[in-house]
Amino acid sequence: MAVAHLVLRVAAAAGLAVDAAVHASLAGRYDLVSATVSQGDLFRIEAGAAALAALLVLLWRRPVGDLFGWLTAGAGIAALLVYRYDDLGAFGPFPNMYEPIWYTDKVRALAGQALALVALTPLLIAGFRRRPARAS
């Protein structure tokens, strides 16, 4: 079981690292897509969150770190798919990020996020099953 968990952690961290790298590399190209916050800034936030999640998954190895990674990957997938298929327009401080095309970096980010989500799901299930119930 320990080997399987290690493989899942490495896969999840690799997926999150791909997500972080893609978003960091694209951030500058999206600085002009702006409301109060630019899309470039949102990409930098995603890159930072994914990088932190990768480190937590690899080094801290706790369910709460795995959950952070899972939520980061899941939120990234949700945002990518929503803004690929639906033109929500700008709202609040967020710019209109509608982009109805697929390109290599978008596919890479999606693949990295999906890999992380798939690898972290069994780790979360196992991690929360191992935690003893608190006595009342």
# chains A, B, ... in the order shown; residues from 1 in each chain; ligands from 1
call {"tool": "residues_around", "arguments": {"residues": "Tyr83 in chain A", "least_positions_apart": "2", "cutoff": "7 Å", "atoms": "only C-alpha atoms", "output": "list in words"}}
result
Ala79, Leu80, Leu81, Tyr85, Asp86, Asp87, Met97, Tyr98 and Glu99 of chain A
call {"tool": "select_by_dssp", "arguments": {"residues": "chain A", "states": "helix (DSSP H, G or I)", "output": "ChimeraX atom specification"}}
result
/A:2-30,39-60,63-85,104-130
call {"tool": "atom_distance", "arguments": {"atom1": "CA of Gly65 in chain A", "atom2": "CA of Ala2 in chain A"}}
result
17.6 Å
call {"tool": "atom_distance", "arguments": {"atom1": "CA of Trp102 in chain A", "atom2": "CA of Leu8 in chain A"}}
result
27.6 Å
call {"tool": "closest_atom_pairs", "arguments": {"of": "range 53-91 of chain A", "to": "range 43-49 of chain A", "cutoff": "9 Å", "atoms": "only C-alpha atoms", "output": "CSV"}}
result
residue,atom,partner,partner_atom,distance
A:Ala53,CA,A:Ala49,CA,6.0
A:Ala54,CA,A:Ala49,CA,8.6
A:Phe68,CA,A:Ala49,CA,8.7
A:Gly69,CA,A:Ala49,CA,8.2
A:Thr72,CA,A:Ala49,CA,6.7
A:Gly76,CA,A:Glu46,CA,7.6
call {"tool": "closest_residue", "arguments": {"among": "A:Leu115, A:Ala35, A:Leu124, A:Ala11", "to": "Arg61 in chain A", "atoms": "only C-alpha atoms"}}
result
A:Leu124
call {"tool": "closest_residue", "arguments": {"among": "A:Val64, A:Ala73, A:Leu55, A:Ala109", "to": "Ala13 in chain A", "atoms": "only C-alpha atoms"}}
result
A:Leu55
call {"tool": "atom_distance", "arguments": {"atom1": "CA of Gly74 in chain A", "atom2": "CA of Gln113 in chain A"}}
result
7.0 Å
call {"tool": "closest_residue", "arguments": {"among": "A:Ile101, A:Ile125, A:Val57, A:Ala90", "to": "Val7 in chain A", "atoms": "only C-alpha atoms"}}
result
A:Val57
call {"tool": "select_by_dssp", "arguments": {"residues": "chain A", "states": "strand (DSSP E or B)", "output": "mmCIF file with N, CA and C atoms, in the first residue's frame"}}
result
data_model
loop_
_atom_site.group_PDB
_atom_site.id
_atom_site.type_symbol
_atom_site.label_atom_id
_atom_site.label_comp_id
_atom_site.auth_asym_id
_atom_site.auth_seq_id
_atom_site.Cartn_x
_atom_site.Cartn_y
_atom_site.Cartn_z
ATOM 1 N N SER A 34 -8.533 42.510 -18.135
ATOM 2 C CA SER A 34 -8.586 43.023 -16.779
ATOM 3 C C SER A 34 -9.911 43.682 -16.445
ATOM 4 N N SER A 38 -6.616 41.338 -12.977
ATOM 5 C CA SER A 38 -6.371 40.865 -14.349
ATOM 6 C C SER A 38 -6.385 39.339 -14.395
ATOM 7 N N PHE A 91 -17.624 39.990 -14.114
ATOM 8 C CA PHE A 91 -18.489 40.136 -12.951
ATOM 9 C C PHE A 91 -17.638 40.459 -11.741
ATOM 10 N N PHE A 94 -13.704 40.409 -11.428
ATOM 11 C CA PHE A 94 -13.138 39.466 -12.390
ATOM 12 C C PHE A 94 -13.419 39.874 -13.830
#
call {"tool": "closest_residue", "arguments": {"among": "A:Asp31, A:Asp41, A:Asp19, A:Asp66", "to": "Leu120 in chain A", "atoms": "only C-alpha atoms"}}
result
A:Asp66
call {"tool": "decode", "arguments": {"residues": "range 85-120 of chain A", "atoms": "N, CA, C and O atoms", "output": "CSV table (one decimal), in the first residue's frame"}}
result
chain,number,residue,atom,x,y,z
A,85,TYR,N,-16.6,27.0,-22.4
A,85,TYR,CA,-17.9,26.8,-23.0
A,85,TYR,C,-19.0,27.8,-22.7
A,85,TYR,O,-20.0,27.7,-23.3
A,86,ASP,N,-18.7,28.7,-21.8
A,86,ASP,CA,-19.7,29.7,-21.5
A,86,ASP,C,-19.1,31.1,-21.3
A,86,ASP,O,-18.1,31.3,-20.7
A,87,ASP,N,-19.8,32.1,-22.0
A,87,ASP,CA,-19.3,33.5,-21.9
A,87,ASP,C,-20.1,34.1,-20.7
A,87,ASP,O,-21.2,34.7,-20.9
A,88,LEU,N,-19.5,34.1,-19.5
A,88,LEU,CA,-20.1,34.7,-18.4
A,88,LEU,C,-20.0,36.2,-18.3
A,88,LEU,O,-20.7,36.9,-17.6
A,89,GLY,N,-19.1,36.7,-19.1
A,89,GLY,CA,-18.9,38.2,-19.1
A,89,GLY,C,-18.1,38.5,-17.8
A,89,GLY,O,-17.7,37.6,-17.0
A,90,ALA,N,-17.8,39.8,-17.7
A,90,ALA,CA,-17.1,40.2,-16.5
A,90,ALA,C,-18.1,40.3,-15.3
A,90,ALA,O,-19.2,40.6,-15.5
A,91,PHE,N,-17.6,40.0,-14.1
A,91,PHE,CA,-18.5,40.1,-13.0
A,91,PHE,C,-17.6,40.5,-11.7
A,91,PHE,O,-16.6,39.9,-11.6
A,92,GLY,N,-18.1,41.4,-10.9
A,92,GLY,CA,-17.4,41.8,-9.8
A,92,GLY,C,-16.0,42.3,-10.2
A,92,GLY,O,-15.8,43.0,-11.2
A,93,PRO,N,-15.0,41.8,-9.5
A,93,PRO,CA,-13.6,42.3,-9.8
A,93,PRO,C,-13.0,41.4,-10.9
A,93,PRO,O,-11.8,41.7,-11.3
A,94,PHE,N,-13.7,40.4,-11.4
A,94,PHE,CA,-13.1,39.5,-12.4
A,94,PHE,C,-13.4,39.9,-13.8
A,94,PHE,O,-14.5,40.3,-14.2
A,95,PRO,N,-12.4,39.7,-14.7
A,95,PRO,CA,-12.6,40.1,-16.1
A,95,PRO,C,-13.4,39.0,-16.9
A,95,PRO,O,-13.6,37.9,-16.3
A,96,ASN,N,-13.8,39.3,-18.1
A,96,ASN,CA,-14.4,38.3,-18.9
A,96,ASN,C,-13.3,37.4,-19.4
A,96,ASN,O,-12.4,37.8,-20.2
A,97,MET,N,-13.3,36.2,-19.0
A,97,MET,CA,-12.2,35.2,-19.4
A,97,MET,C,-12.7,34.2,-20.4
A,97,MET,O,-12.0,33.2,-20.6
A,98,TYR,N,-13.8,34.5,-21.1
A,98,TYR,CA,-14.3,33.5,-22.1
A,98,TYR,C,-13.2,33.3,-23.2
A,98,TYR,O,-12.7,34.3,-23.8
A,99,GLU,N,-12.9,32.1,-23.5
A,99,GLU,CA,-11.9,31.8,-24.5
A,99,GLU,C,-12.4,30.4,-25.1
A,99,GLU,O,-12.0,29.4,-24.7
A,100,PRO,N,-13.2,30.5,-26.2
A,100,PRO,CA,-13.8,29.3,-26.7
A,100,PRO,C,-12.9,28.4,-27.7
A,100,PRO,O,-13.4,27.9,-28.7
A,101,ILE,N,-11.7,28.3,-27.3
A,101,ILE,CA,-10.8,27.5,-28.2
A,101,ILE,C,-9.9,26.6,-27.3
A,101,ILE,O,-9.8,26.8,-26.1
A,102,TRP,N,-9.5,25.5,-27.9
A,102,TRP,CA,-8.5,24.6,-27.2
A,102,TRP,C,-7.1,24.9,-27.9
A,102,TRP,O,-7.0,25.1,-29.1
A,103,TYR,N,-6.1,25.0,-27.1
A,103,TYR,CA,-4.7,25.1,-27.6
A,103,TYR,C,-3.9,24.3,-26.6
A,103,TYR,O,-4.3,23.8,-25.6
A,104,THR,N,-2.6,24.0,-27.1
A,104,THR,CA,-1.8,23.1,-26.4
A,104,THR,C,-1.6,23.4,-24.9
A,104,THR,O,-1.8,22.4,-24.1
A,105,ASP,N,-1.4,24.6,-24.5
A,105,ASP,CA,-1.2,24.9,-23.1
A,105,ASP,C,-2.5,24.7,-22.3
A,105,ASP,O,-2.4,24.2,-21.1
A,106,LYS,N,-3.6,25.0,-22.8
A,106,LYS,CA,-4.9,24.7,-22.2
A,106,LYS,C,-5.1,23.2,-21.9
A,106,LYS,O,-5.5,22.8,-20.8
A,107,VAL,N,-4.8,22.5,-22.9
A,107,VAL,CA,-4.9,21.0,-22.8
A,107,VAL,C,-3.9,20.5,-21.8
A,107,VAL,O,-4.3,19.6,-21.0
A,108,ARG,N,-2.7,21.0,-21.8
A,108,ARG,CA,-1.7,20.6,-20.7
A,108,ARG,C,-2.2,20.9,-19.3
A,108,ARG,O,-2.1,20.0,-18.4
A,109,ALA,N,-2.7,22.1,-19.1
A,109,ALA,CA,-3.2,22.4,-17.8
A,109,ALA,C,-4.3,21.5,-17.4
A,109,ALA,O,-4.4,21.0,-16.3
A,110,LEU,N,-5.3,21.3,-18.3
A,110,LEU,CA,-6.4,20.4,-18.0
A,110,LEU,C,-5.9,19.0,-17.7
A,110,LEU,O,-6.4,18.4,-16.7
A,111,ALA,N,-5.0,18.5,-18.5
A,111,ALA,CA,-4.4,17.1,-18.2
A,111,ALA,C,-3.7,17.1,-16.8
A,111,ALA,O,-3.9,16.1,-16.1
A,112,GLY,N,-2.9,18.1,-16.5
A,112,GLY,CA,-2.3,18.1,-15.2
A,112,GLY,C,-3.3,18.2,-14.1
A,112,GLY,O,-3.1,17.4,-13.1
A,113,GLN,N,-4.3,19.0,-14.2
A,113,GLN,CA,-5.3,19.1,-13.2
A,113,GLN,C,-6.1,17.8,-13.0
A,113,GLN,O,-6.4,17.4,-11.9
A,114,ALA,N,-6.4,17.2,-14.1
A,114,ALA,CA,-7.2,15.9,-14.1
A,114,ALA,C,-6.3,14.8,-13.5
A,114,ALA,O,-6.8,14.0,-12.7
A,115,LEU,N,-5.1,14.8,-13.8
A,115,LEU,CA,-4.2,13.8,-13.2
A,115,LEU,C,-4.1,13.9,-11.7
A,115,LEU,O,-4.2,13.0,-10.9
A,116,ALA,N,-4.0,15.2,-11.3
A,116,ALA,CA,-3.9,15.5,-9.8
A,116,ALA,C,-5.2,15.1,-9.1
A,116,ALA,O,-5.2,14.4,-8.1
A,117,LEU,N,-6.4,15.4,-9.7
A,117,LEU,CA,-7.6,15.1,-9.2
A,117,LEU,C,-7.8,13.5,-9.0
A,117,LEU,O,-8.3,13.0,-8.0
A,118,VAL,N,-7.5,12.8,-10.1
A,118,VAL,CA,-7.6,11.4,-10.1
A,118,VAL,C,-6.7,10.7,-9.1
A,118,VAL,O,-7.1,9.8,-8.4
A,119,ALA,N,-5.5,11.2,-9.0
A,119,ALA,CA,-4.5,10.6,-8.1
A,119,ALA,C,-4.8,11.0,-6.6
A,119,ALA,O,-4.6,10.2,-5.7
A,120,LEU,N,-5.4,12.2,-6.4
A,120,LEU,CA,-5.6,12.6,-5.0
A,120,LEU,C,-6.9,12.0,-4.4
A,120,LEU,O,-7.0,11.8,-3.2
